[in-house]
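Colleague: Next comes my_file02.cif, mmCIF, C-alpha atoms:
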data_structure
loop_
_atom_site.group_PDB
_atom_site.id
_atom_site.type_symbol
_atom_site.label_atom_id
_atom_site.label_comp_id
_atom_site.auth_asym_id
_atom_site.auth_seq_id
_atom_site.Cartn_x
_atom_site.Cartn_y
_atom_site.Cartn_z
ATOM 1 C CA MET A 1 35.790 27.811 89.031
ATOM 2 C CA LYS A 2 37.118 27.530 85.508
ATOM 3 C CA THR A 3 40.336 29.313 84.589
ATOM 4 C CA LYS A 4 40.175 31.536 81.518
ATOM 5 C CA PRO A 5 42.874 30.764 78.947
ATOM 6 C CA PHE A 6 45.100 33.355 77.339
ATOM 7 C CA TYR A 7 47.300 33.145 74.265
ATOM 8 C CA ILE A 8 51.025 33.707 73.889
ATOM 9 C CA LEU A 9 52.494 34.763 70.563
ATOM 10 C CA ILE A 10 56.056 33.578 70.070
ATOM 11 C CA LYS A 11 58.521 33.917 67.237
ATOM 12 C CA TYR A 12 61.218 31.324 66.762
ATOM 13 C CA VAL A 13 64.753 32.701 66.403
ATOM 14 C CA ALA A 14 65.542 31.953 62.748
ATOM 15 C CA THR A 15 69.306 31.808 63.320
ATOM 16 C CA HIS A 16 69.105 29.123 66.008
ATOM 17 C CA PRO A 17 70.149 25.679 64.692
ATOM 18 C CA HIS A 18 67.016 24.053 66.148
ATOM 19 C CA ASN A 19 64.827 26.297 63.961
ATOM 20 C CA LYS A 20 66.553 25.784 60.609
ATOM 21 C CA GLY A 21 64.032 24.990 57.892
ATOM 22 C CA LYS A 22 60.920 25.987 59.856
ATOM 23 C CA PRO A 23 58.425 27.339 57.309
ATOM 24 C CA ASN A 24 56.556 29.456 59.864
ATOM 25 C CA LEU A 25 58.461 31.251 62.612
ATOM 26 C CA TYR A 26 55.307 32.427 64.461
ATOM 27 C CA LYS A 27 53.409 30.193 66.877
ATOM 28 C CA ILE A 28 50.455 30.777 69.201
ATOM 29 C CA TRP A 29 50.300 28.881 72.475
ATOM 30 C CA LYS A 30 47.181 28.495 74.590
ATOM 31 C CA GLU A 31 48.048 28.840 78.261
ATOM 32 C CA TYR A 32 46.156 28.746 81.551
ATOM 33 C CA ASP A 33 48.949 29.269 84.092
ATOM 34 C CA ASP A 34 49.849 32.947 84.404
ATOM 35 C CA THR A 35 52.639 32.158 86.871
ATOM 36 C CA CYS A 36 54.655 30.214 84.303
ATOM 37 C CA ALA A 37 57.620 32.079 82.767
ATOM 38 C CA HIS A 38 58.180 31.310 79.099
ATOM 39 C CA ASP A 39 61.789 31.815 78.152
ATOM 40 C CA SER A 40 64.079 29.978 75.787
ATOM 41 C CA PRO A 41 67.012 30.698 73.475
ATOM 42 C CA ILE A 42 65.056 29.223 70.528
ATOM 43 C CA TYR A 43 62.113 31.664 70.651
ATOM 44 C CA ASP A 44 61.096 35.155 71.752
ATOM 45 C CA VAL A 45 57.772 35.940 73.418
ATOM 46 C CA LEU A 46 56.225 38.776 71.407
ATOM 47 C CA ASP A 47 52.942 39.418 73.209
ATOM 48 C CA TYR A 48 50.027 38.051 75.230
ATOM 49 C CA PHE A 49 46.392 38.085 74.072
ATOM 50 C CA ASP A 50 43.002 37.426 75.641
ATOM 51 C CA SER A 51 41.637 35.742 72.522
ATOM 52 C CA LEU A 52 42.940 33.516 69.763
ATOM 53 C CA ARG A 53 41.372 35.829 67.195
ATOM 54 C CA GLU A 54 43.430 38.796 68.428
ATOM 55 C CA ALA A 55 46.617 36.726 68.332
ATOM 56 C CA ARG A 56 45.940 35.529 64.777
ATOM 57 C CA GLN A 57 45.218 39.066 63.597
ATOM 58 C CA HIS A 58 48.511 40.231 65.063
ATOM 59 C CA VAL A 59 50.394 37.441 63.278
ATOM 60 C CA LYS A 60 48.814 38.588 60.000
ATOM 61 C CA THR A 61 49.978 42.162 60.561
ATOM 62 C CA LEU A 62 53.493 40.965 61.386
ATOM 63 C CA SER A 63 53.605 38.663 58.362
ATOM 64 C CA ASN A 64 52.547 41.463 55.991
ATOM 65 C CA LYS A 65 55.316 43.852 57.039
ATOM 66 C CA PRO A 66 58.140 44.225 54.509
#
Could you quickly redo this structure as structure tokens?
Modeller:
Amino acid sequence: MKTKPFYILIKYVATHPHNKGKPNLYKIWKEYDDTCAHDSPIYDVLDYFDSLREARQHVKTLSNKP
């Protein structure tokens, strides 16, 4: 049985020293393990998506906000 992937939208914390100079603060990760907890001081998990297309569309809406 093949596991269906899902996509995690994260946003890097711009004020963290590790993220200084990053041109794009949004990143989409492909993940298969739903038991894994994603947590770090350098990024925030914004949402989970069933498809890459949905995740990319959400990034576009976030990027277009003033």
Colleague: Which of these residues is nearest to Tyr48 of chain A, using all atoms listed in the file: A:His16, A:Lys30, A:Lys22, A:Lys2?
Modeller: A:Lys30
Colleague: So, with all atoms listed in the file as the atoms that count, which of A:Ile42, A:Thr15, A:Ile8, A:Pro23 lies closest to His58 of chain A?
Modeller: A:Ile8
Colleague: Run the PyMOL selection byres ((chain A and resi 59) around 10) on the file and write out the hits as a list in words.
Modeller: Leu9, Ile10, Lys11, Tyr26, Lys27, Ile28, Arg53, Glu54, Ala55, Arg56, Gln57, His58, Lys60, Thr61, Leu62, Ser63 and Asn64 of chain A
Colleague: Would you export the selected residues with C-alpha atoms as an mmCIF file, in the frame of the given file, please?
Modeller:
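This is the output file result.cif:
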data_model
loop_
_atom_site.group_PDB
_atom_site.id
_atom_site.type_symbol
_atom_site.label_atom_id
_atom_site.label_comp_id
_atom_site.auth_asym_id
_atom_site.auth_seq_id
_atom_site.Cartn_x
_atom_site.Cartn_y
_atom_site.Cartn_z
ATOM 1 C CA LEU A 9 52.494 34.763 70.563
ATOM 2 C CA ILE A 10 56.056 33.578 70.070
ATOM 3 C CA LYS A 11 58.521 33.917 67.237
ATOM 4 C CA TYR A 26 55.307 32.427 64.461
ATOM 5 C CA LYS A 27 53.409 30.193 66.877
ATOM 6 C CA ILE A 28 50.455 30.777 69.201
ATOM 7 C CA ARG A 53 41.372 35.829 67.195
ATOM 8 C CA GLU A 54 43.430 38.796 68.428
ATOM 9 C CA ALA A 55 46.617 36.726 68.332
ATOM 10 C CA ARG A 56 45.940 35.529 64.777
ATOM 11 C CA GLN A 57 45.218 39.066 63.597
ATOM 12 C CA HIS A 58 48.511 40.231 65.063
ATOM 13 C CA LYS A 60 48.814 38.588 60.000
ATOM 14 C CA THR A 61 49.978 42.162 60.561
ATOM 15 C CA LEU A 62 53.493 40.965 61.386
ATOM 16 C CA SER A 63 53.605 38.663 58.362
ATOM 17 C CA ASN A 64 52.547 41.463 55.991
#
Colleague: Take every atom of segment 48-58 of chain A listed in the file, pad by 8 Å on each side, and give me the axis-aligned box centre and edge lengths in Å, one decimal, as JSON.
Modeller:
{"center_x": 45.7, "center_y": 36.9, "center_z": 69.6, "size_x": 24.7, "size_y": 22.7, "size_z": 28.0}
Colleague: Atom CA of Trp29 of chain A to atom CA of Thr3 of chain A: how many Å, to one decimal?
Modeller: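 One can read the atom CA of Trp29 of chain A to atom CA of Thr3 of chain A distance as 15.7 Å.
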Colleague: To one decimal place, how far is atom CA of Pro41 of chain A from atom CA of Lys4 of chain A in Å?
Modeller: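 Going from atom CA of Pro41 of chain A over to atom CA of Lys4 of chain A, I get 28.0 Å.
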Colleague: Would you mind telling me which residue in A:Asn24, A:Asp34, A:Pro5, A:Tyr12 lies nearest to Leu46 of chain A when using only C-alpha atoms?
Modeller: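 Checking each candidate against Leu46 of chain A, we get A:Tyr12 as the closest.
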Colleague: Could you tell me how far atom CA of Leu25 of chain A sits from atom CA of Ser40 of chain A, in Å to one decimal place?
Modeller: 14.4 Å
Colleague: So that I can see what lies close to Phe6 of chain A, please list as a ChimeraX atom specification the residues with an atom at most 6 Å from it, counting only C-alpha atoms and leaving out residues fewer than 2 positions away in the same chain.
Modeller: /A:30-31,49-50
